[in-house]
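Here is final_34.txt, consisting of compact mmCIF, C-alpha atoms:
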```txt
# COMPACT_ATOMS: atom_id res chain seq x y z
CA MET H 199 26.80 -45.00 -19.30
CA GLU H 200 28.84 -41.89 -18.52
CA MET H 201 32.20 -42.74 -16.93
CA ASN H 202 33.23 -39.20 -15.92
CA ALA H 203 30.20 -38.31 -13.83
CA SER H 204 30.72 -35.76 -11.07
CA TYR H 205 28.71 -35.75 -7.86
CA THR H 206 29.35 -33.01 -5.31
CA SER H 207 26.43 -33.80 -2.98
CA PHE H 208 24.51 -36.91 -1.96
CA VAL H 209 21.33 -37.45 0.07
CA ALA H 210 20.28 -40.96 1.13
CA VAL H 211 16.61 -41.64 1.92
CA GLY H 212 15.16 -44.83 3.36
CA ASP H 213 15.00 -47.24 6.28
CA SER H 214 17.43 -49.51 8.18
CA PHE H 215 19.05 -50.75 4.97
CA THR H 216 20.21 -47.20 4.15
CA GLU H 217 20.89 -46.34 7.80
CA GLY H 218 23.53 -49.07 7.68
CA MET H 219 22.32 -51.86 9.94
CA SER H 220 24.16 -54.21 10.67
CA ASP H 221 27.52 -52.74 9.59
CA LEU H 222 28.55 -52.01 13.17
CA LEU H 223 31.44 -49.68 14.02
CA PRO H 224 33.53 -49.92 17.23
CA ASP H 225 31.67 -46.98 18.79
CA GLY H 226 28.33 -48.79 18.45
CA SER H 227 27.07 -46.73 15.49
CA TYR H 228 26.30 -48.11 12.05
CA ARG H 229 28.19 -47.32 8.85
CA GLY H 230 26.58 -49.05 5.85
CA TRP H 231 26.68 -48.77 2.08
CA ALA H 232 25.56 -45.13 1.91
CA ASP H 233 28.40 -43.97 4.17
CA LEU H 234 30.85 -46.07 2.17
CA LEU H 235 29.58 -44.59 -1.08
CA ALA H 236 29.78 -41.06 0.35
CA ALA H 237 33.39 -41.64 1.41
CA ARG H 238 34.33 -42.76 -2.10
CA LEU H 239 32.55 -39.84 -3.74
CA ALA H 240 34.15 -37.41 -1.28
CA ALA H 241 37.59 -38.69 -2.28
CA ARG H 242 36.86 -37.50 -5.83
CA GLU H 243 35.29 -34.12 -5.04
CA PRO H 244 36.71 -31.54 -2.59
CA GLY H 245 33.92 -30.04 -0.49
CA PHE H 246 31.62 -33.01 -1.12
CA ARG H 247 28.46 -32.87 1.03
CA TYR H 248 26.40 -35.75 2.38
CA ALA H 249 23.15 -36.24 4.29
CA ASN H 250 21.55 -39.51 5.37
CA LEU H 251 17.90 -39.15 6.38
CA ALA H 252 17.24 -42.88 6.75
CA VAL H 253 15.68 -44.24 9.93
CA ARG H 254 15.23 -47.92 10.75
CA GLY H 255 11.73 -49.36 10.64
CA LYS H 256 10.19 -46.66 8.46
CA LEU H 257 7.40 -47.56 6.05
CA ILE H 258 7.22 -46.04 2.58
CA GLY H 259 4.43 -43.66 3.63
CA GLN H 260 6.68 -42.23 6.35
CA ILE H 261 9.64 -42.02 3.99
CA ALA H 262 7.54 -40.24 1.35
CA GLY H 263 5.91 -37.89 3.84
CA GLU H 264 8.88 -37.04 6.06
CA GLN H 265 12.18 -37.73 4.31
CA ALA H 266 11.40 -37.03 0.65
CA PRO H 267 10.39 -33.37 1.11
CA ALA H 268 13.50 -32.69 3.19
CA ALA H 269 15.71 -34.39 0.61
CA ALA H 270 14.10 -32.53 -2.28
CA ALA H 271 14.75 -29.20 -0.56
CA MET H 272 18.49 -29.98 -0.41
CA ARG H 273 18.77 -30.00 -4.25
CA ALA H 274 21.58 -32.56 -4.23
CA ASP H 275 23.40 -33.92 -7.25
CA LEU H 276 22.54 -37.46 -6.17
CA VAL H 277 19.63 -38.92 -4.18
CA THR H 278 19.05 -42.58 -3.39
CA LEU H 279 15.57 -43.75 -2.39
CA VAL H 280 15.14 -47.26 -0.98
CA GLY H 281 11.84 -48.03 0.69
CA GLY H 282 8.77 -50.21 0.68
CA LEU H 283 10.38 -53.44 1.79
CA ASN H 284 9.23 -52.99 5.39
CA ASP H 285 5.69 -52.69 4.06
CA THR H 286 5.96 -55.99 2.20
CA LEU H 287 7.10 -57.75 5.37
CA ARG H 288 3.98 -56.74 7.31
CA PRO H 289 1.27 -59.40 7.84
CA LYS H 290 -1.06 -57.32 5.66
CA VAL H 291 -0.10 -54.76 3.04
CA ASP H 292 -2.00 -52.64 0.53
CA MET H 293 0.32 -52.62 -2.48
CA GLY H 294 -1.82 -49.93 -4.08
CA ARG H 295 -0.95 -47.60 -1.21
CA VAL H 296 2.71 -48.61 -1.46
CA ARG H 297 2.67 -47.67 -5.13
CA ALA H 298 1.01 -44.33 -4.41
CA HIS H 299 3.57 -43.40 -1.75
CA LEU H 300 6.48 -44.43 -3.97
CA GLU H 301 5.06 -42.40 -6.85
CA SER H 302 4.70 -39.38 -4.58
CA ALA H 303 8.30 -39.64 -3.40
CA VAL H 304 9.75 -40.19 -6.88
CA GLU H 305 7.69 -37.39 -8.41
CA LEU H 306 9.02 -35.05 -5.74
CA LEU H 307 12.66 -36.16 -5.81
CA ALA H 308 13.36 -36.76 -9.51
CA PRO H 309 13.08 -33.12 -10.64
CA ALA H 310 14.79 -31.84 -7.49
CA CYS H 311 18.10 -33.66 -7.88
CA GLY H 312 20.69 -34.31 -10.54
CA GLN H 313 20.29 -38.10 -10.46
CA LEU H 314 17.78 -40.25 -8.59
CA VAL H 315 18.73 -43.86 -7.85
CA LEU H 316 16.24 -46.56 -6.85
CA MET H 317 16.93 -50.18 -5.90
CA ARG H 318 15.66 -53.72 -6.19
CA SER H 319 16.68 -54.70 -2.67
CA PRO H 320 18.58 -57.93 -1.94
CA GLY H 321 16.83 -60.93 -0.48
CA ARG H 322 18.32 -63.61 1.75
CA ASN H 323 17.81 -67.13 0.47
CA GLY H 324 15.60 -69.24 2.72
CA PRO H 325 12.00 -70.19 3.56
CA VAL H 326 11.06 -66.78 4.99
CA MET H 327 12.11 -65.15 1.74
CA GLU H 328 9.87 -67.49 -0.23
CA ARG H 329 6.84 -66.39 1.76
CA PHE H 330 7.33 -62.71 0.92
CA ARG H 331 8.86 -63.07 -2.55
CA PRO H 332 5.64 -62.29 -4.52
CA ARG H 333 5.17 -59.01 -2.65
CA MET H 334 8.81 -58.06 -3.11
CA GLU H 335 8.68 -58.76 -6.82
CA GLU H 336 5.50 -56.69 -7.14
CA LEU H 337 7.34 -53.85 -5.39
CA PHE H 338 10.25 -54.18 -7.80
CA VAL H 339 7.95 -53.97 -10.82
CA ILE H 340 6.62 -50.68 -9.44
CA ILE H 341 10.18 -49.43 -8.95
CA GLU H 342 11.18 -50.32 -12.52
CA GLU H 343 8.11 -48.55 -13.91
CA LEU H 344 8.76 -45.40 -11.90
CA ALA H 345 12.44 -45.37 -12.85
CA ALA H 346 11.62 -45.62 -16.55
CA ARG H 347 9.05 -42.85 -16.26
CA HIS H 348 11.26 -40.42 -14.32
CA GLY H 349 14.76 -41.12 -15.61
CA ALA H 350 15.99 -42.76 -12.40
CA ARG H 351 18.63 -45.48 -12.36
CA VAL H 352 17.92 -48.84 -10.72
CA VAL H 353 20.51 -50.90 -8.84
CA ASP H 354 19.51 -54.56 -9.17
CA LEU H 355 20.65 -56.17 -5.94
CA TYR H 356 17.81 -58.69 -5.97
CA GLY H 357 19.24 -60.35 -9.06
CA SER H 358 22.60 -61.09 -7.44
CA PRO H 359 23.02 -64.66 -6.14
CA ALA H 360 26.02 -63.51 -4.08
CA LEU H 361 23.85 -61.19 -1.98
CA GLY H 362 21.36 -63.99 -1.41
CA ASP H 363 24.03 -66.06 0.35
CA PRO H 364 23.02 -66.36 4.05
CA ARG H 365 26.64 -65.58 4.98
CA MET H 366 26.09 -62.06 3.66
CA TRP H 367 23.42 -61.49 6.31
CA ASP H 368 23.67 -60.68 10.00
CA VAL H 369 22.28 -62.97 12.70
CA ASP H 370 18.96 -61.06 12.60
CA ARG H 371 18.51 -62.36 9.00
CA LEU H 372 17.15 -58.95 7.99
CA HIS H 373 20.28 -56.84 7.51
CA LEU H 374 23.47 -57.26 5.53
CA THR H 375 26.87 -57.77 7.10
CA ALA H 376 29.72 -55.32 6.56
CA GLU H 377 30.76 -57.32 3.48
CA GLY H 378 27.26 -57.11 2.10
CA HIS H 379 27.14 -53.33 2.57
CA ARG H 380 30.54 -52.99 0.93
CA ARG H 381 29.23 -54.79 -2.14
CA VAL H 382 26.10 -52.66 -2.27
CA ALA H 383 28.28 -49.53 -2.25
CA GLU H 384 30.23 -50.93 -5.21
CA ALA H 385 26.98 -51.80 -7.02
CA VAL H 386 25.66 -48.25 -6.66
CA TRP H 387 29.06 -46.85 -7.65
CA GLN H 388 29.00 -48.83 -10.89
CA THR H 389 25.36 -47.95 -11.58
CA LEU H 390 26.37 -44.28 -11.44
CA GLY H 391 28.81 -44.96 -14.27
CA LEU H 392 31.93 -44.70 -12.13
CA PRO H 393 35.00 -46.88 -12.78
CA PRO H 394 34.51 -50.32 -11.18
CA GLU H 395 36.94 -51.52 -8.55
CA GLU H 396 35.69 -55.12 -8.31
CA ASP H 397 33.01 -57.55 -9.42
CA TRP H 398 30.50 -57.23 -6.60
CA HIS H 399 28.62 -60.29 -7.92
CA THR H 400 31.49 -62.65 -7.04
CA GLY H 401 30.29 -65.37 -4.68
CA LEU H 402 31.85 -66.18 -1.34
CA PRO H 403 34.26 -69.14 -1.20
CA MET H 404 32.64 -72.54 -0.87
CA ALA H 405 32.29 -73.72 2.70
CA ALA H 406 30.81 -76.77 4.38
CA PRO H 407 27.31 -76.03 5.73
CA PRO H 408 26.95 -76.01 9.52
CA GLY H 409 25.69 -79.19 11.16
CA TRP H 410 22.20 -79.79 12.48
CA THR H 411 23.08 -78.84 16.07
CA VAL H 412 24.66 -75.55 15.02
CA ARG H 413 21.70 -74.67 12.78
CA ARG H 414 19.19 -75.34 15.53
CA SER H 415 21.22 -73.24 17.95
CA GLN H 416 21.29 -70.42 15.42
CA ASP H 417 17.54 -70.72 14.86
CA LEU H 418 16.82 -70.51 18.59
CA ARG H 419 19.10 -67.50 19.01
CA PHE H 420 17.45 -65.78 16.05
CA ALA H 421 13.95 -66.43 17.41
CA ARG H 422 14.80 -65.25 20.92
CA GLN H 423 16.84 -62.14 20.08
CA HIS H 424 15.22 -60.95 16.85
CA LEU H 425 12.06 -62.70 15.67
CA LEU H 426 10.01 -62.47 18.87
CA PRO H 427 10.82 -58.76 19.48
CA TRP H 428 9.99 -58.04 15.83
CA VAL H 429 6.63 -59.81 16.13
CA GLY H 430 5.96 -57.96 19.39
CA ARG H 431 6.49 -54.61 17.69
CA ARG H 432 4.16 -55.57 14.82
CA LEU H 433 1.40 -56.62 17.24
CA THR H 434 1.64 -53.40 19.25
CA GLY H 435 2.08 -51.04 16.30
CA ARG H 436 5.55 -49.97 17.39
CA SER H 437 8.66 -49.54 15.27
CA SER H 438 12.36 -49.82 16.04
CA GLY H 439 12.72 -46.31 14.63
CA ASP H 440 10.11 -44.61 16.82
CA GLY H 441 11.57 -41.36 18.17
CA ARG H 442 14.92 -41.94 16.48
CA PRO H 443 16.41 -39.04 14.49
CA ALA H 444 18.07 -39.37 11.12
CA LYS H 445 21.74 -40.38 11.34
CA ARG H 446 22.91 -37.36 9.32
CA PRO H 447 20.03 -34.88 8.89
CA ASP H 448 21.94 -31.98 7.32
CA LEU H 449 23.73 -31.74 3.98
CA LEU H 450 27.23 -30.97 5.24
CA PRO H 451 30.82 -31.59 4.12
CA TYR H 452 31.63 -35.25 4.61
CA GLU H 453 34.30 -36.26 7.05
CA GLY H 454 33.21 -39.74 7.85
CA SER H 455 34.39 -43.22 8.73
CA PRO H 456 37.25 -44.83 6.78
CA LEU H 457 36.52 -46.91 3.71
CA SER H 458 37.72 -50.16 5.24
```

Kindly transcribe the structure held in the file into structure tokens.
Amino acid sequence: MEMNASYTSFVAVGDSFTEGMSDLLPDGSYRGWADLLAARLAAREPGFRYANLAVRGKLIGQIAGEQAPAAAAMRADLVTLVGGLNDTLRPKVDMGRVRAHLESAVELLAPACGQLVLMRSPGRNGPVMERFRPRMEELFVIIEELAARHGARVVDLYGSPALGDPRMWDVDRLHLTAEGHRRVAEAVWQTLGLPPEEDWHTGLPMAAPPGWTVRRSQDLRFARQHLLPWVGRRLTGRSSGDGRPAKRPDLLPYEGSPLS
């Protein structure tokens, strides 16, 4: 893998994972792995440009139809595409349609950028994960096939036990913490052939598991604040991203949040 790669522009495409939830900044906005990666790339290349078209809650059909054409038109050196996981978490999903939308997006983006990067998304260990694991793994097979066909690189986050640790996940159990996003940025960095700064697979220090009372309190908080609203949106056909613009819609010089 090339170790002297140069990237002068980067466009991120996807959903809440790429938007940066739940890596919360003091001003109430989200940072996330894509912003962290952009900051590191910008430190290497004067005039580096960055756009982030990701919007929380988007399904792969929306990403392929709305974000992919805009990203392709930007002709960036680097494009990351992460999508489809929201589809697999729906009560019903047509994986044939998911494949078709992913193919459409990849076929549009791959020839329009210097390097396309896809991902096998991380999964939090636990019973909910087990329910959706077969769908996720079917999605990842599709991603691997498309990457091989179109010369895209794949970041394998799903295969990392460290990112499956529940402590890497926010209280909503759907989004990574700041530490999780930091590790994803390092994983993408290394996949691009850039000099590693750390072993992002390293597990968190051993800690005693919380007691029964604490776990039940956490479960109730999760159900009240996150699970029930999520179910409500599914039943009414709404999305957390409805009407929300992309966090960084234009490919402009990057002057973003600090790395730490």

message: Considering all atoms listed in the file, can you say which of H:Val253, H:Leu337, H:Val353, H:Leu287 comes closest to H:Ala383?
response: H:Val353

Taking a cut-off of 12 Å and counting all atoms listed in the file, can you build a table that, for each residue of stretch 215-320 of chain H near stretch 389-405 of chain H, reports the nearest atom pair and how far apart they are in Å (one decimal), sorted by chain then residue number, as JSON lines?
```
{"residue": "H:Leu235", "atom": "CA", "partner": "H:Leu390", "partner_atom": "CA", "distance": 10.9}
{"residue": "H:Arg238", "atom": "CA", "partner": "H:Leu392", "partner_atom": "CA", "distance": 10.5}
{"residue": "H:Leu239", "atom": "CA", "partner": "H:Leu392", "partner_atom": "CA", "distance": 9.7}
{"residue": "H:Arg242", "atom": "CA", "partner": "H:Leu392", "partner_atom": "CA", "distance": 10.8}
{"residue": "H:Asp275", "atom": "CA", "partner": "H:Leu390", "partner_atom": "CA", "distance": 11.6}
{"residue": "H:Leu276", "atom": "CA", "partner": "H:Leu390", "partner_atom": "CA", "distance": 9.4}
{"residue": "H:Val277", "atom": "CA", "partner": "H:Leu390", "partner_atom": "CA", "distance": 11.3}
{"residue": "H:Thr278", "atom": "CA", "partner": "H:Leu390", "partner_atom": "CA", "distance": 11.0}
{"residue": "H:Gly312", "atom": "CA", "partner": "H:Leu390", "partner_atom": "CA", "distance": 11.5}
{"residue": "H:Gln313", "atom": "CA", "partner": "H:Leu390", "partner_atom": "CA", "distance": 8.7}
{"residue": "H:Leu314", "atom": "CA", "partner": "H:Leu390", "partner_atom": "CA", "distance": 9.9}
{"residue": "H:Val315", "atom": "CA", "partner": "H:Leu390", "partner_atom": "CA", "distance": 8.5}
{"residue": "H:Leu316", "atom": "CA", "partner": "H:Thr389", "partner_atom": "CA", "distance": 10.4}
{"residue": "H:Met317", "atom": "CA", "partner": "H:Thr389", "partner_atom": "CA", "distance": 10.4}
{"residue": "H:Pro320", "atom": "CA", "partner": "H:His399", "partner_atom": "CA", "distance": 11.9}
```

Which residues are near H:Gly324? Cut-off 12 Å, only C-alpha atoms, ignore same chain within fewer than 6 positions. Put them as a CSV table (one decimal) with C-alpha atoms, in the frame of the given file.
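Generated file (result.csv):
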```
chain,number,residue,atom,x,y,z
H,330,PHE,CA,7.3,-62.7,0.9
H,331,ARG,CA,8.9,-63.1,-2.6
H,362,GLY,CA,21.4,-64.0,-1.4
H,363,ASP,CA,24.0,-66.1,0.4
H,364,PRO,CA,23.0,-66.4,4.0
H,365,ARG,CA,26.6,-65.6,5.0
H,367,TRP,CA,23.4,-61.5,6.3
H,371,ARG,CA,18.5,-62.4,9.0
H,372,LEU,CA,17.2,-59.0,8.0
```

query: Interatomic distance between atom CA of H:Pro224 and atom CA of H:Pro451?
result: 22.7 Å

message: List as a ChimeraX atom specification the protein and nucleic acid residues near stretch 202-213 of chain H, meaning an atom at most 7 Å away when all atoms listed in the file are counted, but skip any in the same chain fewer than 2 places from it.
response: /H:200,215-217,232,239,243,246-256,261,265,269,274-281,391-392

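Here the question is which of H:Trp231, H:Pro289, H:Val386, H:Gly263 gets nearest to H:Leu307 using only C-alpha atoms, and that residue is H:Gly263.
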
- request: Compare H:Met272, H:Met219, H:Met366, H:Ile258 by their minimum atom-to-atom distance to H:Thr286, counting all atoms listed in the file, and give me the closest one.
  value: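 Of all the options, H:Ile258 lies closest to H:Thr286.
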
query: Given the choices H:Val296, H:Ala271, H:Pro309, H:Gly378, which gets closest to H:Val339 if the distance is worked out from only C-alpha atoms?
result: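 Between H:Val296, H:Ala271, H:Pro309, H:Gly378, the residue approaching H:Val339 most closely is H:Val296.
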
message: Using Å and a single decimal, report how far atom CA of H:His379 sits from atom CA of H:Tyr356.
response: 13.7 Å

message: Just checking: using all atoms listed in the file, which residue out of H:Arg229, H:Arg288, H:Arg347, H:Arg322 ends up closest to H:Pro359?
response: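 Looking at the shortest contact to H:Pro359, the residue is H:Arg322.
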
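Proximity to H:Thr375 was assessed for H:Gly441, H:Gly218, H:Gly294, H:Gly282 counting all atoms listed in the file; the smallest distance is recorded for H:Gly218.
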
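For H:Ala346, the non-local neighbours within 12 Å, defined as residues at least 3 positions apart in the same chain or in other chains and counting all atoms listed in the file, are Val304, Ala308, Leu314, Val315, Leu316, Val339, Ile340, Ile341, Glu342, Glu343, Gly349, Ala350, Arg351 and Val352 of chain H.
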
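Note that atom CA of H:Ala270 and atom CA of H:His348 are 14.7 Å apart.
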